[in-house]
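Undergrad: Let me begin by handing over the structure; questions about it come next.
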Amino acid sequence: MERNLAERLKDIIRVIPDFPQPGISFKDLTTLMLNGKAFREAITELGNLCRPLEADLVVGPEARGFIIGAPLAYNLGIGFVPVRKQGKLPGHTHKQQYQLEYGFDVLEVHQEAIAPGKRVLVVDDLLATGGTVRTAIDLVEKCGGQVVAAAFLVELTYLPGRARLADYPVISLIKY
């Protein structure tokens, strides 16, 4: 019997112990992205999981949310909206500050990118603490969009990300 897709993909993801600091087990998704067949399978399966949500748009935060969000939007046949770091988008934006491990940062989205009432799927590569995606959700809602779910290739279940997103469905393909 063939192992399931999530298990096969997990074998491709490189795990680097003690990076970026002792005690952290870093999940390096670049090894999955390097494998064209596996990356396509991952995006296709994530698309299969997300298609029933009938989203109008995919939103992805800079930068790894672009890597997963844009091909997922293509797979679903819908548009992609980038959420960028402060000062990277021209025109009028909504801004949202969020906390990093050692300080704060700001994310922005074009005010006109998400029309009120649009159904939005927020996507990132990995769910850990949920801070970046929670900020992207707040920006979608400032635009008047309706967040239908948050989706990830990988979820670190031992961290509080899912709890931070408790008001939204969370979809993840691979769990550690």
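The chains in the structure tokens are called A, B, ... from first to last as shown; in each chain the residues are counted from 1, and the ligands are counted from 1 in the order shown.
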Could you find all residues in chain A that DSSP calls strand (DSSP E) from the backbone, and write them as a compact mmCIF listing (two decimals) with all heavy atoms, in the first residue's frame?

TA:
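What landed in part.txt:
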# COMPACT_ATOMS: atom_id res chain seq x y z
N ARG A 14 13.52 19.03 4.54
CA ARG A 14 14.74 18.90 5.35
C ARG A 14 14.48 19.51 6.73
O ARG A 14 13.93 20.60 6.85
CB ARG A 14 15.89 19.63 4.67
CG ARG A 14 17.17 19.62 5.46
CD ARG A 14 18.35 20.17 4.69
NE ARG A 14 18.03 21.42 4.01
CZ ARG A 14 18.87 22.06 3.21
NH1 ARG A 14 20.05 21.55 2.96
NH2 ARG A 14 18.52 23.20 2.65
N VAL A 15 14.87 18.80 7.76
CA VAL A 15 14.75 19.28 9.13
C VAL A 15 16.17 19.58 9.63
O VAL A 15 17.04 18.72 9.59
CB VAL A 15 14.05 18.25 10.04
CG1 VAL A 15 13.99 18.76 11.47
CG2 VAL A 15 12.65 17.94 9.51
N ILE A 16 16.37 20.82 10.07
CA ILE A 16 17.68 21.26 10.51
C ILE A 16 17.64 21.49 12.02
O ILE A 16 16.99 22.43 12.48
CB ILE A 16 18.11 22.54 9.76
CG1 ILE A 16 18.11 22.29 8.25
CG2 ILE A 16 19.48 23.02 10.26
CD1 ILE A 16 18.31 23.52 7.43
N PRO A 17 18.32 20.64 12.78
CA PRO A 17 18.30 20.79 14.24
C PRO A 17 19.09 22.03 14.68
O PRO A 17 20.06 22.43 14.03
CB PRO A 17 18.96 19.51 14.75
CG PRO A 17 19.71 18.95 13.60
CD PRO A 17 19.09 19.47 12.35
N SER A 25 13.92 23.05 15.86
CA SER A 25 14.02 22.07 14.77
C SER A 25 13.39 22.70 13.53
O SER A 25 12.18 22.61 13.32
CB SER A 25 13.29 20.79 15.18
OG SER A 25 13.31 19.86 14.14
N PHE A 26 14.21 23.36 12.70
CA PHE A 26 13.75 24.16 11.57
C PHE A 26 13.27 23.26 10.43
O PHE A 26 13.99 22.35 10.01
CB PHE A 26 14.89 25.06 11.10
CG PHE A 26 14.50 26.03 10.01
CD1 PHE A 26 13.87 27.22 10.33
CD2 PHE A 26 14.78 25.74 8.69
CE1 PHE A 26 13.51 28.12 9.33
CE2 PHE A 26 14.44 26.64 7.69
CZ PHE A 26 13.80 27.82 8.01
N LYS A 27 12.08 23.54 9.93
CA LYS A 27 11.53 22.81 8.79
C LYS A 27 11.84 23.62 7.53
O LYS A 27 11.26 24.66 7.28
CB LYS A 27 10.02 22.62 8.92
CG LYS A 27 9.54 22.05 10.26
CD LYS A 27 10.23 20.78 10.66
CE LYS A 27 9.69 20.19 11.94
NZ LYS A 27 10.36 20.62 13.16
N ASP A 28 12.77 23.12 6.72
CA ASP A 28 13.24 23.81 5.53
C ASP A 28 12.41 23.37 4.32
O ASP A 28 12.67 22.32 3.73
CB ASP A 28 14.73 23.51 5.31
CG ASP A 28 15.30 24.21 4.09
OD1 ASP A 28 14.61 25.09 3.52
OD2 ASP A 28 16.44 23.87 3.71
N LEU A 57 -10.62 35.05 -3.76
CA LEU A 57 -9.23 35.51 -3.80
C LEU A 57 -8.38 34.71 -2.83
O LEU A 57 -8.89 34.23 -1.80
CB LEU A 57 -9.13 36.98 -3.39
CG LEU A 57 -9.80 38.03 -4.26
CD1 LEU A 57 -9.85 39.37 -3.52
CD2 LEU A 57 -9.05 38.17 -5.57
N VAL A 58 -7.09 34.63 -3.14
CA VAL A 58 -6.10 34.12 -2.20
C VAL A 58 -5.25 35.31 -1.78
O VAL A 58 -4.83 36.11 -2.62
CB VAL A 58 -5.20 33.04 -2.84
CG1 VAL A 58 -4.01 32.71 -1.95
CG2 VAL A 58 -6.00 31.78 -3.13
N VAL A 59 -4.99 35.43 -0.48
CA VAL A 59 -4.10 36.45 0.07
C VAL A 59 -2.91 35.74 0.68
O VAL A 59 -3.08 34.76 1.42
CB VAL A 59 -4.84 37.30 1.14
CG1 VAL A 59 -3.85 38.09 1.98
CG2 VAL A 59 -5.83 38.22 0.49
N GLY A 60 -1.71 36.22 0.36
CA GLY A 60 -0.49 35.63 0.92
C GLY A 60 0.44 36.70 1.43
O GLY A 60 0.72 37.66 0.73
N PRO A 61 0.93 36.55 2.67
CA PRO A 61 1.88 37.53 3.22
C PRO A 61 3.30 37.30 2.69
O PRO A 61 3.71 36.18 2.41
CB PRO A 61 1.81 37.28 4.72
CG PRO A 61 1.35 35.88 4.87
CD PRO A 61 0.52 35.57 3.67
N GLY A 79 -7.88 35.07 -8.25
CA GLY A 79 -6.83 36.07 -8.13
C GLY A 79 -6.01 35.93 -6.86
O GLY A 79 -6.43 35.29 -5.89
N PHE A 80 -4.83 36.56 -6.89
CA PHE A 80 -3.91 36.56 -5.76
C PHE A 80 -3.65 37.99 -5.32
O PHE A 80 -3.41 38.88 -6.16
CB PHE A 80 -2.58 35.90 -6.15
CG PHE A 80 -1.55 35.96 -5.05
CD1 PHE A 80 -1.64 35.12 -3.96
CD2 PHE A 80 -0.52 36.87 -5.11
CE1 PHE A 80 -0.71 35.18 -2.93
CE2 PHE A 80 0.43 36.95 -4.09
CZ PHE A 80 0.33 36.10 -3.01
N VAL A 81 -3.69 38.24 -4.01
CA VAL A 81 -3.41 39.55 -3.44
C VAL A 81 -2.20 39.44 -2.51
O VAL A 81 -2.26 38.69 -1.52
CB VAL A 81 -4.63 40.08 -2.63
CG1 VAL A 81 -4.30 41.41 -1.97
CG2 VAL A 81 -5.86 40.19 -3.52
N PRO A 82 -1.12 40.18 -2.81
CA PRO A 82 0.03 40.14 -1.91
C PRO A 82 -0.15 41.07 -0.71
O PRO A 82 -0.67 42.17 -0.85
CB PRO A 82 1.18 40.64 -2.80
CG PRO A 82 0.51 41.54 -3.79
CD PRO A 82 -0.87 40.97 -4.01
N VAL A 83 0.24 40.59 0.44
CA VAL A 83 0.35 41.42 1.64
C VAL A 83 1.84 41.65 1.83
O VAL A 83 2.60 40.70 1.97
CB VAL A 83 -0.29 40.73 2.87
CG1 VAL A 83 0.07 41.45 4.15
CG2 VAL A 83 -1.80 40.63 2.70
N ARG A 84 2.24 42.94 1.79
CA ARG A 84 3.66 43.27 1.76
C ARG A 84 4.11 43.95 3.04
O ARG A 84 3.31 44.47 3.80
CB ARG A 84 3.94 44.23 0.59
CG ARG A 84 3.51 43.79 -0.79
CD ARG A 84 4.46 42.92 -1.58
NE ARG A 84 5.87 43.01 -1.32
CZ ARG A 84 6.76 43.56 -2.14
NH1 ARG A 84 6.39 44.13 -3.26
NH2 ARG A 84 8.04 43.53 -1.84
N LYS A 85 5.42 43.98 3.20
CA LYS A 85 6.01 44.76 4.28
C LYS A 85 5.83 46.24 3.99
O LYS A 85 5.68 46.66 2.84
CB LYS A 85 7.48 44.39 4.45
CG LYS A 85 7.62 42.97 4.93
CD LYS A 85 9.03 42.61 5.28
CE LYS A 85 9.01 41.17 5.77
NZ LYS A 85 10.26 40.74 6.32
N THR A 93 -2.95 52.22 1.17
CA THR A 93 -2.92 50.89 1.79
C THR A 93 -3.55 50.92 3.17
O THR A 93 -3.63 51.96 3.81
CB THR A 93 -1.47 50.38 1.94
OG1 THR A 93 -0.75 51.28 2.79
CG2 THR A 93 -0.76 50.26 0.60
N HIS A 94 -3.99 49.74 3.60
CA HIS A 94 -4.30 49.52 5.01
C HIS A 94 -3.03 48.96 5.63
O HIS A 94 -2.33 48.15 5.01
CB HIS A 94 -5.44 48.51 5.17
CG HIS A 94 -6.77 49.03 4.78
ND1 HIS A 94 -7.38 50.09 5.42
CD2 HIS A 94 -7.63 48.62 3.81
CE1 HIS A 94 -8.56 50.31 4.86
NE2 HIS A 94 -8.73 49.44 3.88
N LYS A 95 -2.73 49.37 6.86
CA LYS A 95 -1.53 48.93 7.56
C LYS A 95 -1.94 48.22 8.86
O LYS A 95 -2.93 48.58 9.47
CB LYS A 95 -0.64 50.11 7.93
CG LYS A 95 -0.18 50.97 6.78
CD LYS A 95 0.57 52.18 7.31
CE LYS A 95 0.90 53.23 6.31
NZ LYS A 95 1.14 52.91 4.97
N GLN A 96 -1.12 47.27 9.26
CA GLN A 96 -1.36 46.56 10.51
C GLN A 96 -0.01 46.20 11.13
O GLN A 96 0.80 45.53 10.49
CB GLN A 96 -2.18 45.29 10.26
CG GLN A 96 -2.52 44.50 11.50
CD GLN A 96 -3.62 45.15 12.33
OE1 GLN A 96 -4.50 45.79 11.78
NE2 GLN A 96 -3.55 44.98 13.62
N GLN A 97 0.21 46.64 12.36
CA GLN A 97 1.42 46.30 13.08
C GLN A 97 1.24 44.94 13.74
O GLN A 97 0.14 44.57 14.16
CB GLN A 97 1.73 47.36 14.14
CG GLN A 97 3.06 47.14 14.85
CD GLN A 97 3.34 48.20 15.88
OE1 GLN A 97 2.54 48.42 16.78
NE2 GLN A 97 4.48 48.88 15.76
N TYR A 98 2.33 44.18 13.82
CA TYR A 98 2.28 42.90 14.53
C TYR A 98 3.60 42.67 15.24
O TYR A 98 4.62 43.27 14.91
CB TYR A 98 1.94 41.74 13.59
CG TYR A 98 3.00 41.40 12.56
CD1 TYR A 98 3.76 40.24 12.67
CD2 TYR A 98 3.22 42.22 11.46
CE1 TYR A 98 4.71 39.92 11.72
CE2 TYR A 98 4.17 41.91 10.50
CZ TYR A 98 4.91 40.75 10.64
OH TYR A 98 5.86 40.43 9.70
N GLN A 99 3.55 41.78 16.23
CA GLN A 99 4.72 41.54 17.07
C GLN A 99 5.56 40.41 16.51
O GLN A 99 5.06 39.37 16.12
CB GLN A 99 4.30 41.21 18.49
CG GLN A 99 5.46 41.14 19.45
CD GLN A 99 5.02 41.13 20.90
OE1 GLN A 99 3.85 41.16 21.20
NE2 GLN A 99 5.99 41.09 21.79
N LEU A 100 6.86 40.66 16.46
CA LEU A 100 7.85 39.65 16.13
C LEU A 100 8.46 39.13 17.42
O LEU A 100 8.14 39.62 18.51
CB LEU A 100 8.95 40.26 15.25
CG LEU A 100 8.50 40.86 13.92
CD1 LEU A 100 9.63 41.67 13.31
CD2 LEU A 100 8.07 39.76 12.99
N GLY A 103 10.56 42.49 18.69
CA GLY A 103 10.15 43.78 18.18
C GLY A 103 8.85 43.71 17.41
O GLY A 103 8.03 42.80 17.62
N PHE A 104 8.66 44.67 16.52
CA PHE A 104 7.42 44.79 15.76
C PHE A 104 7.73 44.99 14.29
O PHE A 104 8.81 45.43 13.92
CB PHE A 104 6.59 45.98 16.27
CG PHE A 104 6.08 45.78 17.66
CD1 PHE A 104 6.83 46.20 18.76
CD2 PHE A 104 4.85 45.19 17.89
CE1 PHE A 104 6.37 46.01 20.05
CE2 PHE A 104 4.38 45.01 19.17
CZ PHE A 104 5.13 45.42 20.25
N ASP A 105 6.75 44.69 13.45
CA ASP A 105 6.83 44.97 12.02
C ASP A 105 5.45 45.40 11.56
O ASP A 105 4.48 45.34 12.33
CB ASP A 105 7.29 43.74 11.25
CG ASP A 105 8.01 44.09 9.95
OD1 ASP A 105 7.95 45.26 9.52
OD2 ASP A 105 8.63 43.20 9.36
N VAL A 106 5.35 45.85 10.32
CA VAL A 106 4.08 46.33 9.77
C VAL A 106 3.87 45.66 8.42
O VAL A 106 4.79 45.58 7.60
CB VAL A 106 4.09 47.86 9.60
CG1 VAL A 106 2.83 48.34 8.92
CG2 VAL A 106 4.26 48.55 10.96
N LEU A 107 2.65 45.18 8.19
CA LEU A 107 2.25 44.65 6.89
C LEU A 107 1.20 45.57 6.29
O LEU A 107 0.46 46.24 7.02
CB LEU A 107 1.69 43.23 7.02
CG LEU A 107 2.69 42.15 7.40
CD1 LEU A 107 1.98 40.81 7.57
CD2 LEU A 107 3.81 42.02 6.38
N GLU A 108 1.13 45.57 4.94
CA GLU A 108 0.18 46.43 4.23
C GLU A 108 -0.49 45.65 3.11
O GLU A 108 0.07 44.69 2.58
CB GLU A 108 0.89 47.63 3.60
CG GLU A 108 1.56 48.55 4.56
CD GLU A 108 2.24 49.72 3.86
OE1 GLU A 108 2.74 49.55 2.72
OE2 GLU A 108 2.27 50.80 4.45
N VAL A 109 -1.68 46.13 2.73
CA VAL A 109 -2.40 45.63 1.56
C VAL A 109 -3.03 46.82 0.86
O VAL A 109 -3.41 47.81 1.52
CB VAL A 109 -3.46 44.58 1.96
CG1 VAL A 109 -4.60 45.19 2.75
CG2 VAL A 109 -3.98 43.83 0.74
N HIS A 110 -3.11 46.77 -0.46
CA HIS A 110 -3.81 47.84 -1.19
C HIS A 110 -5.26 47.89 -0.73
O HIS A 110 -5.93 46.86 -0.64
CB HIS A 110 -3.77 47.59 -2.70
CG HIS A 110 -2.51 48.01 -3.34
ND1 HIS A 110 -1.76 47.17 -4.13
CD2 HIS A 110 -1.84 49.19 -3.32
CE1 HIS A 110 -0.70 47.82 -4.57
NE2 HIS A 110 -0.71 49.04 -4.08
N ARG A 119 -14.90 36.67 -0.72
CA ARG A 119 -14.51 35.50 0.08
C ARG A 119 -13.01 35.27 -0.12
O ARG A 119 -12.55 35.10 -1.25
CB ARG A 119 -15.32 34.28 -0.33
CG ARG A 119 -16.81 34.46 -0.04
CD ARG A 119 -17.63 33.32 -0.62
NE ARG A 119 -17.21 32.00 -0.16
CZ ARG A 119 -17.53 31.47 1.02
NH1 ARG A 119 -18.30 32.15 1.87
NH2 ARG A 119 -17.12 30.26 1.34
N VAL A 120 -12.25 35.28 0.98
CA VAL A 120 -10.79 35.29 0.90
C VAL A 120 -10.19 34.11 1.66
O VAL A 120 -10.56 33.84 2.81
CB VAL A 120 -10.23 36.61 1.47
CG1 VAL A 120 -8.70 36.61 1.44
CG2 VAL A 120 -10.78 37.80 0.69
N LEU A 121 -9.27 33.43 1.00
CA LEU A 121 -8.47 32.36 1.59
C LEU A 121 -7.09 32.94 1.88
O LEU A 121 -6.42 33.41 0.96
CB LEU A 121 -8.37 31.19 0.61
CG LEU A 121 -7.47 30.03 0.99
CD1 LEU A 121 -7.98 29.32 2.24
CD2 LEU A 121 -7.36 29.05 -0.17
N VAL A 122 -6.67 32.95 3.14
CA VAL A 122 -5.36 33.46 3.52
C VAL A 122 -4.40 32.27 3.59
O VAL A 122 -4.70 31.25 4.22
CB VAL A 122 -5.41 34.20 4.88
CG1 VAL A 122 -4.03 34.70 5.28
CG2 VAL A 122 -6.40 35.37 4.80
N VAL A 123 -3.25 32.40 2.90
CA VAL A 123 -2.34 31.27 2.72
C VAL A 123 -0.92 31.65 3.11
O VAL A 123 -0.44 32.74 2.77
CB VAL A 123 -2.35 30.81 1.24
CG1 VAL A 123 -1.35 29.69 1.01
CG2 VAL A 123 -3.75 30.37 0.83
N ASP A 124 -0.24 30.74 3.79
CA ASP A 124 1.18 30.90 4.07
C ASP A 124 1.84 29.53 3.99
O ASP A 124 1.15 28.51 3.91
CB ASP A 124 1.41 31.55 5.44
CG ASP A 124 2.70 32.34 5.53
OD1 ASP A 124 3.53 32.26 4.58
OD2 ASP A 124 2.91 33.04 6.53
N ASP A 125 3.15 29.50 4.06
CA ASP A 125 3.85 28.22 3.94
C ASP A 125 3.72 27.38 5.20
O ASP A 125 3.52 26.17 5.12
CB ASP A 125 5.32 28.44 3.59
CG ASP A 125 6.13 29.13 4.68
OD1 ASP A 125 5.55 29.95 5.44
OD2 ASP A 125 7.34 28.89 4.76
N LEU A 126 3.81 28.03 6.37
CA LEU A 126 3.90 27.27 7.61
C LEU A 126 3.17 28.01 8.74
O LEU A 126 3.31 29.22 8.87
CB LEU A 126 5.40 27.13 7.96
CG LEU A 126 5.75 26.29 9.17
CD1 LEU A 126 6.98 25.43 8.85
CD2 LEU A 126 6.04 27.17 10.35
N LEU A 127 2.41 27.26 9.51
CA LEU A 127 1.74 27.82 10.68
C LEU A 127 2.53 27.45 11.92
O LEU A 127 2.69 26.27 12.24
CB LEU A 127 0.31 27.28 10.80
CG LEU A 127 -0.47 27.68 12.05
CD1 LEU A 127 -0.60 29.19 12.17
CD2 LEU A 127 -1.85 27.02 12.06
N GLN A 146 -14.26 38.77 3.58
CA GLN A 146 -14.69 37.72 4.49
C GLN A 146 -13.68 36.57 4.41
O GLN A 146 -13.55 35.93 3.36
CB GLN A 146 -16.09 37.21 4.10
CG GLN A 146 -16.55 36.04 4.93
CD GLN A 146 -17.78 35.36 4.33
OE1 GLN A 146 -18.37 35.82 3.37
NE2 GLN A 146 -18.15 34.24 4.92
N VAL A 147 -12.97 36.30 5.47
CA VAL A 147 -11.98 35.23 5.50
C VAL A 147 -12.71 33.90 5.64
O VAL A 147 -13.42 33.67 6.62
CB VAL A 147 -10.96 35.43 6.63
CG1 VAL A 147 -10.00 34.25 6.71
CG2 VAL A 147 -10.19 36.73 6.42
N VAL A 148 -12.52 33.02 4.64
CA VAL A 148 -13.20 31.72 4.67
C VAL A 148 -12.34 30.65 5.32
O VAL A 148 -12.86 29.64 5.79
CB VAL A 148 -13.65 31.27 3.26
CG1 VAL A 148 -14.70 32.24 2.70
CG2 VAL A 148 -12.48 31.14 2.30
N ALA A 149 -11.01 30.85 5.35
CA ALA A 149 -10.10 29.89 5.99
C ALA A 149 -8.68 30.41 5.89
O ALA A 149 -8.39 31.34 5.13
CB ALA A 149 -10.19 28.51 5.35
N ALA A 150 -7.80 29.78 6.65
CA ALA A 150 -6.36 29.97 6.53
C ALA A 150 -5.78 28.61 6.16
O ALA A 150 -6.14 27.60 6.75
CB ALA A 150 -5.76 30.47 7.84
N ALA A 151 -4.89 28.60 5.16
CA ALA A 151 -4.34 27.34 4.66
C ALA A 151 -2.82 27.38 4.66
O ALA A 151 -2.22 28.43 4.38
CB ALA A 151 -4.86 27.04 3.27
N PHE A 152 -2.22 26.22 4.93
CA PHE A 152 -0.77 26.11 5.06
C PHE A 152 -0.29 24.78 4.48
O PHE A 152 -1.01 23.78 4.58
CB PHE A 152 -0.37 26.15 6.55
CG PHE A 152 -0.92 27.33 7.28
CD1 PHE A 152 -2.17 27.26 7.88
CD2 PHE A 152 -0.20 28.51 7.35
CE1 PHE A 152 -2.70 28.37 8.54
CE2 PHE A 152 -0.72 29.61 8.02
CZ PHE A 152 -1.97 29.54 8.60
N LEU A 153 0.94 24.78 3.96
CA LEU A 153 1.54 23.49 3.61
C LEU A 153 1.87 22.72 4.86
O LEU A 153 1.65 21.52 4.94
CB LEU A 153 2.82 23.69 2.79
CG LEU A 153 2.69 23.95 1.31
CD1 LEU A 153 4.06 24.00 0.65
CD2 LEU A 153 1.82 22.92 0.63
N VAL A 154 2.43 23.42 5.87
CA VAL A 154 2.90 22.77 7.09
C VAL A 154 2.31 23.46 8.31
O VAL A 154 2.21 24.69 8.35
CB VAL A 154 4.45 22.81 7.17
CG1 VAL A 154 4.94 22.31 8.52
CG2 VAL A 154 5.06 21.99 6.04
N GLU A 155 1.94 22.66 9.30
CA GLU A 155 1.50 23.18 10.59
C GLU A 155 2.35 22.55 11.70
O GLU A 155 2.50 21.32 11.75
CB GLU A 155 0.04 22.84 10.84
CG GLU A 155 -0.47 23.31 12.19
CD GLU A 155 -1.93 22.97 12.44
OE1 GLU A 155 -2.59 22.40 11.54
OE2 GLU A 155 -2.41 23.27 13.55
N VAL A 170 -8.88 26.20 9.76
CA VAL A 170 -7.46 26.08 9.44
C VAL A 170 -7.26 24.78 8.67
O VAL A 170 -7.69 23.72 9.12
CB VAL A 170 -6.60 26.09 10.72
CG1 VAL A 170 -5.14 25.80 10.39
CG2 VAL A 170 -6.72 27.43 11.44
N ILE A 171 -6.61 24.90 7.52
CA ILE A 171 -6.32 23.74 6.68
C ILE A 171 -4.81 23.62 6.58
O ILE A 171 -4.12 24.59 6.27
CB ILE A 171 -6.92 23.94 5.27
CG1 ILE A 171 -8.42 24.04 5.35
CG2 ILE A 171 -6.48 22.83 4.32
CD1 ILE A 171 -9.09 24.54 4.09
N SER A 172 -4.29 22.44 6.88
CA SER A 172 -2.85 22.21 6.73
C SER A 172 -2.64 20.82 6.14
O SER A 172 -3.33 19.87 6.49
CB SER A 172 -2.12 22.35 8.07
OG SER A 172 -2.67 21.50 9.04
N LEU A 173 -1.69 20.74 5.23
CA LEU A 173 -1.42 19.51 4.52
C LEU A 173 -0.52 18.57 5.31
O LEU A 173 -0.75 17.38 5.39
CB LEU A 173 -0.77 19.86 3.17
CG LEU A 173 -0.68 18.78 2.13
CD1 LEU A 173 -2.03 18.19 1.80
CD2 LEU A 173 -0.03 19.33 0.86
N ILE A 174 0.52 19.13 5.93
CA ILE A 174 1.51 18.34 6.66
C ILE A 174 1.57 18.85 8.08
O ILE A 174 1.64 20.06 8.32
CB ILE A 174 2.91 18.51 5.99
CG1 ILE A 174 2.84 18.10 4.52
CG2 ILE A 174 3.97 17.73 6.75
CD1 ILE A 174 4.00 18.63 3.70
N LYS A 175 1.56 17.92 9.04
CA LYS A 175 1.60 18.31 10.46
C LYS A 175 2.81 17.70 11.14
O LYS A 175 3.15 16.55 10.93
CB LYS A 175 0.32 17.86 11.16
CG LYS A 175 -0.92 18.57 10.67
CD LYS A 175 -2.16 18.00 11.36
CE LYS A 175 -3.41 18.75 11.00
NZ LYS A 175 -3.77 18.75 9.59

Undergrad: Based on the backbone DSSP call, show me all residues of chain A assigned alpha helix (DSSP H), as number ranges by chain.

TA: A: 5-12, 30-34, 36-50, 64-76, 131-142, 161-164

Undergrad: Suppose you want the space between atom CA of A:Ile12 and atom CA of A:Arg164; what is it in Å?

TA: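 Computing the Euclidean distance for atom CA of A:Ile12 and atom CA of A:Arg164 yields 28.1 Å.
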
Undergrad: Taking only C-alpha atoms into account, which of A:Leu165, A:Ala70, A:Leu156, A:Met33 comes nearest A:Ala136?

TA: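 Using only C-alpha atoms, the shortest distance to A:Ala136 belongs to A:Leu165.
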
Undergrad: Provide the atom CA of A:Ala166 to atom CA of A:Gly131 distance in Å, to one decimal place.

TA: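 Here the two named atoms are 12.6 Å from each other.
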
Undergrad: What lies within 12 Å of A:Phe39 using only C-alpha atoms, ignoring chain neighbours under 6 positions off, as a VMD selection string?

TA: chain A and resid 5 to 6 8 to 10 12 to 13 29 to 33 45 to 46 67 to 68 71 to 72 125 153

Undergrad: Which is closest to A:Gln111 among A:Gly65, A:Pro52, A:Gly36, A:Pro90, if we use only C-alpha atoms?

TA: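 Residue with the minimum atom-to-atom distance to A:Gln111: A:Pro90.
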
Undergrad: Restricting the calculation to only C-alpha atoms, which member of A:Thr44, A:Thr129, A:Leu139, A:Gly145 is positioned closest to A:Thr157?

TA: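 Ranked by minimum distance to A:Thr157, first place goes to A:Thr129.
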